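**Q** File my_file_29.cif below, mmCIF, C-alpha atoms and all ligand atoms:
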data_work
#
loop_
_atom_site.label_atom_id
_atom_site.label_comp_id
_atom_site.auth_asym_id
_atom_site.auth_seq_id
_atom_site.Cartn_x
_atom_site.Cartn_y
_atom_site.Cartn_z
CA MET A 1 36.24 -38.50 57.65
CA ARG A 2 36.41 -37.84 53.93
CA SER A 3 38.75 -39.10 51.27
CA PHE A 4 39.05 -38.37 47.55
CA GLY A 5 40.34 -41.44 45.75
CA GLY A 6 43.34 -42.39 47.84
CA VAL A 7 43.75 -38.96 49.42
CA VAL A 8 42.40 -38.67 52.94
CA ALA A 9 41.37 -35.00 53.10
CA VAL A 10 39.90 -35.00 56.60
CA ASP A 11 40.25 -37.72 59.22
CA GLY A 12 39.23 -37.60 62.85
CA ALA A 13 38.98 -33.80 62.85
CA SER A 14 36.57 -32.34 65.36
CA VAL A 15 35.60 -28.76 66.16
CA ALA A 16 32.90 -27.36 68.43
CA VAL A 17 31.73 -23.77 68.33
CA PRO A 18 29.44 -22.35 71.01
CA SER A 19 27.25 -19.40 70.09
CA GLY A 20 28.81 -16.04 70.76
CA GLU A 21 32.28 -17.34 70.02
CA LEU A 22 34.64 -17.22 67.11
CA HIS A 23 36.68 -20.33 66.51
CA GLY A 24 39.74 -20.06 64.29
CA LEU A 25 40.75 -22.89 61.98
CA ILE A 26 44.30 -22.69 60.68
CA GLY A 27 46.77 -24.96 58.95
CA PRO A 28 48.91 -25.19 55.82
CA ASN A 29 47.44 -25.47 52.32
CA GLY A 30 45.89 -28.88 51.75
CA ALA A 31 45.36 -29.45 55.47
CA GLY A 32 41.66 -30.18 54.93
CA LYS A 33 40.14 -26.93 56.25
CA SER A 34 37.87 -26.28 53.27
CA THR A 35 36.88 -29.93 53.09
CA LEU A 36 35.86 -29.80 56.75
CA PHE A 37 33.73 -26.69 56.03
CA HIS A 38 32.02 -28.49 53.16
CA LEU A 39 31.30 -31.45 55.42
CA ILE A 40 29.74 -29.15 58.02
CA SER A 41 27.66 -27.18 55.52
CA GLY A 42 26.66 -30.27 53.56
CA TYR A 43 28.26 -29.52 50.19
CA LEU A 44 30.25 -32.73 50.70
CA ARG A 45 29.11 -35.92 52.39
CA ALA A 46 31.42 -37.44 54.99
CA ASP A 47 32.44 -41.06 54.51
CA ARG A 48 31.86 -41.27 58.25
CA GLY A 49 31.48 -38.90 61.15
CA GLU A 50 28.86 -36.67 62.71
CA VAL A 51 27.76 -33.08 62.35
CA ILE A 52 25.74 -31.92 65.32
CA PHE A 53 23.90 -28.62 65.28
CA ALA A 54 22.01 -27.45 68.37
CA GLY A 55 21.86 -31.02 69.63
CA GLN A 56 20.57 -32.40 66.32
CA ARG A 57 22.43 -34.76 63.97
CA VAL A 58 22.50 -33.06 60.56
CA GLU A 59 25.16 -34.94 58.59
CA ARG A 60 22.58 -36.60 56.34
CA LEU A 61 20.75 -33.38 55.48
CA PRO A 62 21.38 -31.63 52.15
CA PRO A 63 22.98 -28.16 52.23
CA HIS A 64 19.72 -26.20 51.88
CA ALA A 65 18.22 -28.02 54.86
CA ARG A 66 21.28 -27.20 56.96
CA ALA A 67 21.06 -23.59 55.77
CA ARG A 68 17.46 -23.48 56.99
CA LEU A 69 18.65 -24.55 60.42
CA GLY A 70 21.10 -21.64 60.37
CA ILE A 71 24.38 -22.96 58.95
CA SER A 72 25.71 -20.43 56.41
CA ILE A 73 28.96 -20.65 54.47
CA ALA A 74 31.04 -18.16 52.49
CA PHE A 75 33.19 -20.32 50.23
CA GLN A 76 36.91 -19.91 49.74
CA ALA A 77 36.42 -20.00 45.97
CA VAL A 78 34.11 -17.05 45.32
CA ARG A 79 30.83 -18.21 43.80
CA LEU A 80 28.72 -15.30 42.64
CA PHE A 81 26.11 -15.43 39.90
CA ARG A 82 27.23 -13.60 36.79
CA GLY A 83 24.70 -11.33 35.17
CA MET A 84 23.17 -10.48 38.52
CA THR A 85 23.74 -7.38 40.58
CA VAL A 86 25.51 -7.32 43.91
CA LEU A 87 22.20 -6.90 45.75
CA GLU A 88 20.58 -9.78 43.85
CA ASN A 89 23.54 -11.99 44.72
CA VAL A 90 23.10 -11.15 48.39
CA MET A 91 19.34 -11.78 48.13
CA VAL A 92 20.07 -15.37 47.08
CA GLY A 93 21.21 -15.95 50.67
CA ALA A 94 17.61 -15.50 51.81
CA HIS A 95 16.66 -18.86 50.29
CA SER A 96 17.25 -20.37 53.72
CA TRP A 97 14.28 -18.62 55.30
CA THR A 98 11.88 -17.78 52.47
CA ARG A 99 9.05 -19.99 51.36
CA HIS A 100 10.35 -20.21 47.83
CA GLY A 101 13.88 -21.41 48.19
CA LEU A 102 17.12 -21.37 46.28
CA LEU A 103 15.94 -22.48 42.86
CA ASP A 104 13.51 -19.59 42.52
CA ALA A 105 16.23 -17.20 43.59
CA ALA A 106 18.75 -18.57 41.10
CA LEU A 107 16.17 -18.59 38.29
CA ARG A 108 15.12 -15.08 39.28
CA LEU A 109 11.48 -16.03 39.34
CA PRO A 110 9.33 -13.10 40.39
CA LEU A 111 8.94 -12.90 44.13
CA HIS A 112 5.77 -11.77 45.71
CA GLY A 113 5.07 -8.44 47.32
CA ARG A 114 5.79 -8.51 50.97
CA GLU A 115 8.29 -11.33 50.86
CA GLU A 116 10.31 -9.62 48.14
CA ALA A 117 10.40 -6.39 50.15
CA GLU A 118 11.55 -8.29 53.22
CA ILE A 119 14.31 -10.06 51.28
CA ARG A 120 15.49 -6.80 49.71
CA GLU A 121 15.59 -5.14 53.07
CA GLN A 122 17.52 -8.01 54.64
CA ALA A 123 19.99 -8.05 51.71
CA ALA A 124 20.48 -4.28 51.83
CA SER A 125 21.19 -4.42 55.51
CA ALA A 126 23.68 -7.28 55.04
CA LEU A 127 25.45 -5.26 52.33
CA GLU A 128 25.56 -2.30 54.66
CA ARG A 129 27.16 -4.45 57.36
CA VAL A 130 30.01 -5.48 55.06
CA GLY A 131 30.49 -1.85 54.04
CA LEU A 132 29.33 -2.10 50.43
CA PRO A 133 25.85 -0.50 50.29
CA HIS A 134 27.02 1.83 47.51
CA LEU A 135 27.73 -1.12 45.20
CA ALA A 136 24.24 -2.67 45.39
CA SER A 137 23.35 -2.15 41.74
CA ARG A 138 26.73 -3.00 40.25
CA ALA A 139 27.26 -6.20 38.26
CA ALA A 140 28.75 -8.66 40.75
CA GLU A 141 31.43 -9.89 38.38
CA SER A 142 32.73 -6.35 37.84
CA LEU A 143 34.01 -6.07 41.42
CA PRO A 144 37.58 -6.84 42.46
CA LEU A 145 37.96 -10.23 44.13
CA GLY A 146 38.28 -8.79 47.64
CA GLN A 147 34.92 -7.06 47.34
CA GLN A 148 33.36 -10.18 45.82
CA ARG A 149 34.44 -11.98 48.99
CA CYS A 150 32.64 -9.36 51.08
CA VAL A 151 29.52 -9.85 48.93
CA GLN A 152 29.71 -13.56 49.76
CA VAL A 153 29.89 -12.74 53.44
CA ALA A 154 26.83 -10.49 53.02
CA ARG A 155 25.03 -13.32 51.24
CA ALA A 156 25.81 -15.66 54.13
CA LEU A 157 24.51 -13.04 56.57
CA CYS A 158 21.34 -12.61 54.53
CA GLY A 159 20.63 -16.27 55.35
CA ARG A 160 20.06 -15.28 59.00
CA PRO A 161 22.70 -17.69 60.23
CA ARG A 162 23.30 -19.05 63.68
CA VAL A 163 26.61 -20.53 62.62
CA LEU A 164 28.73 -18.71 60.08
CA LEU A 165 31.51 -20.56 58.24
CA LEU A 166 33.96 -18.15 56.65
CA ASP A 167 36.65 -19.70 54.46
CA GLU A 168 39.46 -17.14 54.06
CA PRO A 169 37.13 -14.12 53.84
CA ALA A 170 40.02 -11.71 54.39
CA SER A 171 42.19 -12.91 51.53
CA GLY A 172 42.61 -10.30 48.81
CA LEU A 173 41.27 -7.55 51.07
CA ARG A 174 43.12 -4.31 51.55
CA TRP A 175 44.23 -3.26 55.02
CA ALA A 176 41.25 -0.98 55.70
CA GLU A 177 38.84 -3.64 54.40
CA ARG A 178 40.43 -6.25 56.66
CA GLU A 179 40.03 -3.93 59.64
CA SER A 180 36.33 -3.42 58.91
CA LEU A 181 35.84 -7.14 58.43
CA SER A 182 37.54 -7.75 61.75
CA ALA A 183 35.22 -5.22 63.46
CA LEU A 184 32.19 -6.82 61.81
CA LEU A 185 33.18 -10.29 63.02
CA ALA A 186 33.65 -8.99 66.57
CA GLN A 187 30.20 -7.42 66.38
CA LEU A 188 28.53 -10.57 65.01
CA ARG A 189 30.17 -12.61 67.75
CA ALA A 190 28.83 -10.18 70.34
CA GLU A 191 25.36 -10.63 68.83
CA GLY A 192 25.56 -14.32 69.67
CA LEU A 193 26.56 -15.85 66.36
CA ALA A 194 28.90 -18.84 66.32
CA ILE A 195 31.67 -18.19 63.81
CA LEU A 196 34.18 -20.60 62.33
CA LEU A 197 36.94 -18.74 60.53
CA VAL A 198 39.68 -20.02 58.25
CA GLU A 199 42.37 -17.42 57.78
CA HIS A 200 46.07 -17.57 57.03
CA ASP A 201 47.00 -14.43 58.92
CA VAL A 202 47.42 -15.86 62.41
CA ARG A 203 47.40 -12.39 63.99
CA PHE A 204 44.02 -11.64 62.40
CA VAL A 205 42.62 -14.88 63.85
CA THR A 206 44.14 -14.62 67.31
CA ARG A 207 42.71 -11.13 67.83
CA LEU A 208 39.17 -12.48 67.36
CA ALA A 209 39.21 -16.12 68.36
CA SER A 210 38.46 -17.58 71.76
CA ALA A 211 39.79 -20.92 70.54
CA ILE A 212 41.86 -22.15 67.62
CA THR A 213 42.08 -25.53 65.95
CA VAL A 214 45.13 -26.34 63.86
CA MET A 215 44.90 -28.93 61.09
CA ASP A 216 47.66 -30.58 59.13
CA ARG A 217 47.24 -33.39 56.59
CA GLY A 218 43.58 -33.90 57.42
CA ARG A 219 44.05 -34.16 61.16
CA VAL A 220 43.76 -31.84 64.12
CA ILE A 221 47.28 -31.35 65.45
CA ALA A 222 46.40 -28.83 68.15
CA SER A 223 43.41 -27.12 69.68
CA GLY A 224 43.22 -24.55 72.45
CA VAL A 225 43.24 -20.89 73.34
CA PRO A 226 45.30 -18.65 71.02
CA ASP A 227 48.22 -18.25 73.44
CA GLU A 228 48.67 -22.01 73.83
CA ILE A 229 48.49 -22.48 70.08
CA ARG A 230 51.18 -19.92 69.38
CA ARG A 231 53.54 -21.74 71.75
CA ASP A 232 52.68 -25.31 70.69
CA PRO A 233 55.82 -26.98 69.25
CA ALA A 234 53.83 -29.17 66.82
CA VAL A 235 52.04 -26.09 65.48
CA ILE A 236 55.23 -24.15 65.06
CA ALA A 237 56.82 -27.06 63.22
CA ALA A 238 53.85 -27.74 60.94
CA TYR A 239 52.55 -24.27 60.29
CA LEU A 240 53.93 -21.22 61.96
CA GLY A 241 57.48 -22.32 61.16
CA ARG A 242 56.63 -22.78 57.52
CA GLU A 243 54.85 -19.46 57.50
CA ARG A 244 57.90 -17.73 58.91
CA ALA A 245 60.17 -19.54 56.49
CA SER A 246 58.10 -18.34 53.53
CA ALA A 247 57.64 -14.80 54.86
N1 LIG A 301 37.09 -32.21 45.25
C1 LIG A 301 38.28 -32.75 45.52
N2 LIG A 301 38.76 -33.78 44.80
C2 LIG A 301 39.96 -34.35 45.08
N3 LIG A 301 40.77 -33.96 46.08
C3 LIG A 301 40.35 -32.94 46.85
C4 LIG A 301 39.10 -32.27 46.62
N4 LIG A 301 38.96 -31.28 47.54
C5 LIG A 301 40.06 -31.33 48.31
N5 LIG A 301 40.90 -32.32 47.90
C6 LIG A 301 42.18 -32.70 48.53
O1 LIG A 301 41.96 -32.79 49.92
C7 LIG A 301 43.04 -32.23 50.65
C8 LIG A 301 42.53 -31.10 51.54
O2 LIG A 301 42.13 -29.98 50.73
P1 LIG A 301 41.41 -28.71 51.33
O3 LIG A 301 40.32 -29.12 52.21
O4 LIG A 301 41.06 -27.82 50.17
O5 LIG A 301 42.60 -28.05 52.18
P2 LIG A 301 42.75 -26.57 52.76
O6 LIG A 301 41.45 -25.85 52.63
O7 LIG A 301 43.19 -26.76 54.18
O8 LIG A 301 43.84 -25.91 51.95
C9 LIG A 301 44.07 -31.79 49.62
O9 LIG A 301 45.00 -32.82 49.47
C10 LIG A 301 43.24 -31.61 48.38
O10 LIG A 301 44.01 -31.79 47.22
MG MG A 302 40.97 -24.13 51.73
#
Would you write out, as structure tokens, the structure that this file holds?
**A**
Amino acid sequence: MRSFGGVVAVDGASVAVPSGELHGLIGPNGAGKSTLFHLISGYLRADRGEVIFAGQRVERLPPHARARLGISIAFQAVRLFRGMTVLENVMVGAHSWTRHGLLDAALRLPLHGREEAEIREQAASALERVGLPHLASRAAESLPLGQQRCVQVARALCGRPRVLLLDEPASGLRWAERESLSALLAQLRAEGLAILLVEHDVRFVTRLASAITVMDRGRVIASGVPDEIRRDPAVIAAYLGRERASA
């Protein structure tokens, strides 16, 4: 549970994602999806509630400690470092498994020999996986927003995650980019990653997800396999109906 002033952003919401599965999280704007992601990744503290990762309670750990355990997030609001290249931005994701950590990465302190080579290699391969190896040396802020989102996904991958939280990674992407993202997510799932995906395009989610949770006004209003969700009257009223009405 988490409230901001009088606004209860998330209350009694619960999701569980086994490895090798993609879990979709949908719901109208303001439903609490991003807040729930921040509670899981540690960027926000819950007023109460538990976050359990691989059998371990982690809700009191700071974000970097959760990242070290394998919880990686790509934020809805793109957060790239200006004045750094695309590759350097992806390398920052390696803070979760290097000896030096995030601060060194952000301050661009010189890394040492073998570790630097390993980080570069990991970052280059993450960039390759999101289809942007040719942009490695570009200034991150010069890319269109859709590509910046893909850089964020690469950064999350560079953290060697076991759970990947993707908050609207497909928004602002062109059709072909969405298709490659979809193929990448299917591949990552097959490799055993647990993926939690927020995405407004219900078709995009249902193609990939083994289960979907629907939130509205901070609460879970439905949870189940994609087919059940599409037919659920409460979901149609709260979300799909609104989506159709605005389409
Ligand atoms: N940092 C914050 N301060 C105050 N209110 C917030 C903050 N973050 C989110 N909220 C509020 O919490 C609710 C849920 O927001 P959010 O989690 O961003 O929803 P979603 O991602 O589903 O669109 C909204 O009412 C939003 O205005
Ligand atoms: Mg959001």
**Q** Just give me the gap between CA of Lys33 in chain A and atom O8 of ligand LIG 301 (chain A) in Å, one decimal is fine.
**A**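 So the answer is 5.8 Å.
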**Q** Using only C-alpha atoms and all ligand atoms, I'd like a table of the residues in chain A that come within 10 Å of ligand MG 302 (chain A); for each, show the closest atom pair and its distance in Å rounded to one decimal, ordered by chain and ascending number, as a tab-separated table.
**A**
residue	atom	partner	partner_atom	distance
A:Ile26	CA	A:MG302	MG	9.7
A:Gly27	CA	A:MG302	MG	9.3
A:Pro28	CA	A:MG302	MG	9.0
A:Asn29	CA	A:MG302	MG	6.6
A:Gly30	CA	A:MG302	MG	6.8
A:Ala31	CA	A:MG302	MG	7.8
A:Gly32	CA	A:MG302	MG	6.9
A:Lys33	CA	A:MG302	MG	5.4
A:Ser34	CA	A:MG302	MG	4.1
A:Thr35	CA	A:MG302	MG	7.2
A:Leu36	CA	A:MG302	MG	9.1
A:Phe37	CA	A:MG302	MG	8.8
A:Phe75	CA	A:MG302	MG	8.8
A:Gln76	CA	A:MG302	MG	6.2
A:Ala77	CA	A:MG302	MG	8.4
A:Asp167	CA	A:MG302	MG	6.8
A:Glu168	CA	A:MG302	MG	7.5
A:Val198	CA	A:MG302	MG	7.8
A:Glu199	CA	A:MG302	MG	9.1
A:His200	CA	A:MG302	MG	9.9
**Q** One decimal, Å: what's the distance from CA of Val205 in chain A over to CA of Val51 in chain A, could you say?
**A**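 According to the coordinates, CA of Val205 in chain A and CA of Val51 in chain A are separated by 23.5 Å.
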**Q** For CA of Ile71 in chain A and CA of Arg162 in chain A, quote the distance in Å rounded to one decimal.
**A** 6.2 Å
**Q** Pull the neighbourhood of (43.3, -29.5, 63.3) for me: all residues within 12 Å in file coordinates, counting only C-alpha atoms, as a short mmCIF file (atom, residue, chain, number, x, y, z; two decimals) with C-alpha atoms, in the coordinates of the input.
**A**
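result_21.cif, freshly written:
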data_model
loop_
_atom_site.label_atom_id
_atom_site.label_comp_id
_atom_site.auth_asym_id
_atom_site.auth_seq_id
_atom_site.Cartn_x
_atom_site.Cartn_y
_atom_site.Cartn_z
CA ALA A 9 41.37 -35.00 53.10
CA VAL A 10 39.90 -35.00 56.60
CA ASP A 11 40.25 -37.72 59.22
CA GLY A 12 39.23 -37.60 62.85
CA ALA A 13 38.98 -33.80 62.85
CA SER A 14 36.57 -32.34 65.36
CA VAL A 15 35.60 -28.76 66.16
CA ALA A 16 32.90 -27.36 68.43
CA HIS A 23 36.68 -20.33 66.51
CA GLY A 24 39.74 -20.06 64.29
CA LEU A 25 40.75 -22.89 61.98
CA ILE A 26 44.30 -22.69 60.68
CA GLY A 27 46.77 -24.96 58.95
CA PRO A 28 48.91 -25.19 55.82
CA GLY A 30 45.89 -28.88 51.75
CA ALA A 31 45.36 -29.45 55.47
CA GLY A 32 41.66 -30.18 54.93
CA LYS A 33 40.14 -26.93 56.25
CA SER A 34 37.87 -26.28 53.27
CA LEU A 36 35.86 -29.80 56.75
CA VAL A 198 39.68 -20.02 58.25
CA ALA A 211 39.79 -20.92 70.54
CA ILE A 212 41.86 -22.15 67.62
CA THR A 213 42.08 -25.53 65.95
CA VAL A 214 45.13 -26.34 63.86
CA MET A 215 44.90 -28.93 61.09
CA ASP A 216 47.66 -30.58 59.13
CA ARG A 217 47.24 -33.39 56.59
CA GLY A 218 43.58 -33.90 57.42
CA ARG A 219 44.05 -34.16 61.16
CA VAL A 220 43.76 -31.84 64.12
CA ILE A 221 47.28 -31.35 65.45
CA ALA A 222 46.40 -28.83 68.15
CA SER A 223 43.41 -27.12 69.68
CA GLY A 224 43.22 -24.55 72.45
CA ILE A 229 48.49 -22.48 70.08
CA ALA A 234 53.83 -29.17 66.82
CA VAL A 235 52.04 -26.09 65.48
CA ALA A 238 53.85 -27.74 60.94
CA TYR A 239 52.55 -24.27 60.29
#
**Q** Give me the residues within 10 Å of Leu164 in chain A as a PyMOL selection string, counting all atoms listed in the file and dropping any in the same chain fewer than 4 places off.
**A** chain A and resi 22+41+70-74+153+156-157+159-160+185+188-189+193-197
**Q** May I have the centre and edge lengths, in Å to one decimal, of an axis-aligned box around the listed atoms of range 153-168 of chain A with 8 Å added to every side, as JSON?
**A**
{"center_x": 29.8, "center_y": -15.5, "center_z": 57.5, "size_x": 35.4, "size_y": 26.1, "size_z": 28.4}
**Q** Just checking: using only C-alpha atoms, which residue out of A:Pro161, A:Gly55, A:Pro144, A:Gly49 ends up closest to Ala94 in chain A?
**A** A:Pro161
**Q** Name all residues at most 9 Å from range 138-141 of chain A (count all atoms listed in the file; drop same-chain ones fewer than 3 positions away) and give them as a CSV table (one decimal) with C-alpha atoms, keeping the file's coordinate frame.
**A**
chain,number,residue,atom,x,y,z
A,80,LEU,CA,28.7,-15.3,42.6
A,81,PHE,CA,26.1,-15.4,39.9
A,82,ARG,CA,27.2,-13.6,36.8
A,83,GLY,CA,24.7,-11.3,35.2
A,84,MET,CA,23.2,-10.5,38.5
A,85,THR,CA,23.7,-7.4,40.6
A,86,VAL,CA,25.5,-7.3,43.9
A,87,LEU,CA,22.2,-6.9,45.8
A,88,GLU,CA,20.6,-9.8,43.8
A,89,ASN,CA,23.5,-12.0,44.7
A,134,HIS,CA,27.0,1.8,47.5
A,135,LEU,CA,27.7,-1.1,45.2
A,144,PRO,CA,37.6,-6.8,42.5
A,145,LEU,CA,38.0,-10.2,44.1
A,148,GLN,CA,33.4,-10.2,45.8
A,151,VAL,CA,29.5,-9.8,48.9
**Q** Pick from A:Arg231, A:Arg114, A:Arg155, A:Arg45: nearest to Met91 in chain A, with all atoms listed in the file counted?
**A**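 Closest to Met91 in chain A of all the choices is A:Arg155.
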**Q** Is there a way to get, as a list in words, all residues within 12 Å of the point (38.4, -1.6, 54.4) in file coordinates, counting only C-alpha atoms?
**A**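 Collected hits near the coordinates: Arg129, Val130, Gly131, Leu132, Gly146, Gln147, Cys150, Ala170, Gly172, Leu173, Arg174, Trp175, Ala176, Glu177, Arg178, Glu179, Ser180, Leu181, Ser182, Ala183 and Leu184 of chain A.
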**Q** May I have the selected residues written with C-alpha atoms, as a tab-separated table (two decimals), in the frame of the given file?
**A**
chain	number	residue	atom	x	y	z
A	129	ARG	CA	27.16	-4.45	57.36
A	130	VAL	CA	30.01	-5.48	55.06
A	131	GLY	CA	30.49	-1.85	54.04
A	132	LEU	CA	29.33	-2.10	50.43
A	146	GLY	CA	38.28	-8.79	47.64
A	147	GLN	CA	34.92	-7.06	47.34
A	150	CYS	CA	32.64	-9.36	51.08
A	170	ALA	CA	40.02	-11.71	54.39
A	172	GLY	CA	42.61	-10.30	48.81
A	173	LEU	CA	41.27	-7.55	51.07
A	174	ARG	CA	43.12	-4.31	51.55
A	175	TRP	CA	44.23	-3.26	55.02
A	176	ALA	CA	41.25	-0.98	55.70
A	177	GLU	CA	38.84	-3.64	54.40
A	178	ARG	CA	40.43	-6.25	56.66
A	179	GLU	CA	40.03	-3.93	59.64
A	180	SER	CA	36.33	-3.42	58.91
A	181	LEU	CA	35.84	-7.14	58.43
A	182	SER	CA	37.54	-7.75	61.75
A	183	ALA	CA	35.22	-5.22	63.46
A	184	LEU	CA	32.19	-6.82	61.81
**Q** Could you tell me which of A:Pro233, A:Ala65, A:Leu44, A:Gly20 comes closest to ligand LIG 301 (chain A) if we count only C-alpha atoms and all ligand atoms?
**A**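 Ranked by minimum distance to ligand LIG 301 (chain A), first place goes to A:Leu44.
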**Q** Counting all atoms listed in the file, which of A:Arg57, A:Arg2, A:Arg149, A:Arg68 gets nearest to ligand LIG 301 (chain A)?
**A** A:Arg2
**Q** Taking all atoms listed in the file into account, which of A:Glu116, A:Gln56, A:Gln122, A:Leu166 comes nearest ligand LIG 301 (chain A)?
**A**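 Of the candidates, the smallest distance to ligand LIG 301 (chain A) is held by A:Leu166.
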**Q** For Gly192 in chain A, which of A:Leu208, A:Val58, A:Val163, A:Ala46 is the closest residue, counting only C-alpha atoms?
**A** A:Val163
